[in-house]
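Below: the structure, in structure tokens.
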Amino acid sequence: MLRVYSSDNTMLAGHVRALLQQAGIDCFLRNDNLWGGIGELAPIDCWPEVWIRDDGDYERAAEIVRDVLDGRQTDGPSWRCTCGQEIEGQFSACWKCGSEKTGSR
């Protein structure tokens, strides 16, 4: 297991984890509930961290993290839902009907 990201921003760490999971990388969030430990622990030791389970995924995960931090889109093109709604590439489900994105759309 390797850590690929750490931040004082819990929402950003959660976003990075979600993007890695969407890319098929098995990962998890650590320290996301340690804010109560600040004072007893150094603040940086309480920051949420994103870890990957398979070391072989590290390079691809690190590239996704770099793209997120640089503000580059890694989401791909827009897609059309079965209900006909045009959906931007960063979304994995239709906002209108709730259908999940599939490779055929």
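Residues are named by chain letter and number: chains run A, B, ... in the order of the structure tokens, numbers start at 1 in each chain, and ligands are numbered from 1 in the order shown.
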Name the residues in contact with His15 (chain A) at a cut-off of 12 Å, using only C-alpha atoms, excluding same-chain residues fewer than 4 positions from it; report them as number ranges by chain. A: 5-7, 9-11, 19-22, 28-29, 48-50, 64-65, 68-69, 90
Just write the chosen residues, C-alpha atoms, as a PDB file, in the first residue's frame.
ATOM      1  CA  TYR A   5      -2.239  12.147  -1.626  1.00  0.00           C
ATOM      2  CA  SER A   6      -2.615  14.075   1.611  1.00  0.00           C
ATOM      3  CA  SER A   7      -4.342  17.395   2.249  1.00  0.00           C
ATOM      4  CA  ASN A   9      -8.953  19.646   2.899  1.00  0.00           C
ATOM      5  CA  THR A  10     -11.150  16.607   3.575  1.00  0.00           C
ATOM      6  CA  MET A  11     -13.403  17.329   0.607  1.00  0.00           C
ATOM      7  CA  LEU A  19     -11.609   9.944  -9.100  1.00  0.00           C
ATOM      8  CA  LEU A  20      -9.161   7.113  -8.427  1.00  0.00           C
ATOM      9  CA  GLN A  21     -12.010   4.702  -7.730  1.00  0.00           C
ATOM     10  CA  GLN A  22     -13.748   5.832 -10.924  1.00  0.00           C
ATOM     11  CA  PHE A  28      -9.146   4.193   0.581  1.00  0.00           C
ATOM     12  CA  LEU A  29      -9.123   7.265   2.812  1.00  0.00           C
ATOM     13  CA  PRO A  48      -6.800  12.892   5.460  1.00  0.00           C
ATOM     14  CA  GLU A  49      -4.700  10.669   3.191  1.00  0.00           C
ATOM     15  CA  VAL A  50      -5.555   8.704   0.064  1.00  0.00           C
ATOM     16  CA  ILE A  64      -4.498  11.394 -11.877  1.00  0.00           C
ATOM     17  CA  VAL A  65      -3.598  13.312  -8.698  1.00  0.00           C
ATOM     18  CA  VAL A  68      -6.493  17.118 -10.427  1.00  0.00           C
ATOM     19  CA  LEU A  69      -4.039  19.497  -8.769  1.00  0.00           C
ATOM     20  CA  GLN A  90     -16.963  14.300 -15.211  1.00  0.00           C
TER      21      GLN A  90
END
Counting only C-alpha atoms, figure out which residue out of A:Leu34, A:Asp26, A:Lys96, A:Gly14 gets nearest to Asp55 (chain A). A:Asp26
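Every residue of region 27-89 of chain A found in strand (DSSP E or B) when DSSP is run on the backbone appears here: Cys27, Phe28, Leu29, Arg30, Ile38, Leu41, Glu49, Val50, Trp51, Ile52, Trp79, Arg80, Glu86 and Ile87 of chain A.
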Taking only C-alpha atoms into account, name the residue in A:Asp57, A:Val16, A:Asp8, A:Gly71 that is nearest to Pro43 (chain A). A:Asp8
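Near Cys27 (chain A), within 6 Å and counting only C-alpha atoms, sit Trp51, Ile52 and Arg53 of chain A; same-chain residues fewer than 5 positions away were not included.
Counting only C-alpha atoms, the residue from A:Asn33, A:Ser92, A:Thr82, A:Ser99 that sits nearest to Ala18 (chain A) is A:Ser92.
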Members of chain A assigned helix (DSSP H, G or I) by DSSP, as a PyMOL selection string: chain A and resi 10-22+35-37+43-46+55-70
Mind dumping the selected residues with C-alpha atoms as an mmCIF file, in the first residue's frame?
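Writing done, so here's part-v3.cif:
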data_model
loop_
_atom_site.group_PDB
_atom_site.id
_atom_site.type_symbol
_atom_site.label_atom_id
_atom_site.label_comp_id
_atom_site.auth_asym_id
_atom_site.auth_seq_id
_atom_site.Cartn_x
_atom_site.Cartn_y
_atom_site.Cartn_z
ATOM 1 C CA THR A 10 -11.150 16.607 3.575
ATOM 2 C CA MET A 11 -13.403 17.329 0.607
ATOM 3 C CA LEU A 12 -10.473 17.468 -1.816
ATOM 4 C CA ALA A 13 -9.061 14.213 -0.442
ATOM 5 C CA GLY A 14 -12.481 12.611 -0.888
ATOM 6 C CA HIS A 15 -12.665 13.948 -4.449
ATOM 7 C CA VAL A 16 -9.243 12.484 -5.268
ATOM 8 C CA ARG A 17 -10.326 9.135 -3.819
ATOM 9 C CA ALA A 18 -13.531 9.175 -5.890
ATOM 10 C CA LEU A 19 -11.609 9.944 -9.100
ATOM 11 C CA LEU A 20 -9.161 7.113 -8.427
ATOM 12 C CA GLN A 21 -12.010 4.702 -7.730
ATOM 13 C CA GLN A 22 -13.748 5.832 -10.924
ATOM 14 C CA TRP A 35 -9.612 16.157 13.469
ATOM 15 C CA GLY A 36 -10.485 15.660 17.139
ATOM 16 C CA GLY A 37 -6.905 14.569 17.763
ATOM 17 C CA PRO A 43 -2.154 18.855 12.739
ATOM 18 C CA ILE A 44 -0.365 17.416 9.699
ATOM 19 C CA ASP A 45 -0.631 13.929 11.238
ATOM 20 C CA CYS A 46 -4.426 14.354 11.234
ATOM 21 C CA ASP A 55 1.624 -0.605 -5.569
ATOM 22 C CA GLY A 56 1.451 -1.316 -9.306
ATOM 23 C CA ASP A 57 -1.247 1.360 -9.645
ATOM 24 C CA TYR A 58 0.970 4.066 -8.158
ATOM 25 C CA GLU A 59 2.142 5.752 -11.384
ATOM 26 C CA ARG A 60 -1.357 5.935 -12.847
ATOM 27 C CA ALA A 61 -2.777 7.169 -9.525
ATOM 28 C CA ALA A 62 -0.035 9.805 -9.199
ATOM 29 C CA GLU A 63 -0.808 11.027 -12.733
ATOM 30 C CA ILE A 64 -4.498 11.394 -11.877
ATOM 31 C CA VAL A 65 -3.598 13.312 -8.698
ATOM 32 C CA ARG A 66 -1.274 15.621 -10.693
ATOM 33 C CA ASP A 67 -4.045 16.255 -13.216
ATOM 34 C CA VAL A 68 -6.493 17.118 -10.427
ATOM 35 C CA LEU A 69 -4.039 19.497 -8.769
ATOM 36 C CA ASP A 70 -3.144 21.127 -12.095
#
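Counting only C-alpha atoms and comparing A:Pro77, A:Ala42, A:Asp54, A:Glu86, the residue that lies closest to Met1 (chain A) is A:Asp54.
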Between A:Arg3, A:Asn31, A:Gly39, A:Cys81, single out the one closest to Glu100 (chain A), counting only C-alpha atoms. A:Cys81
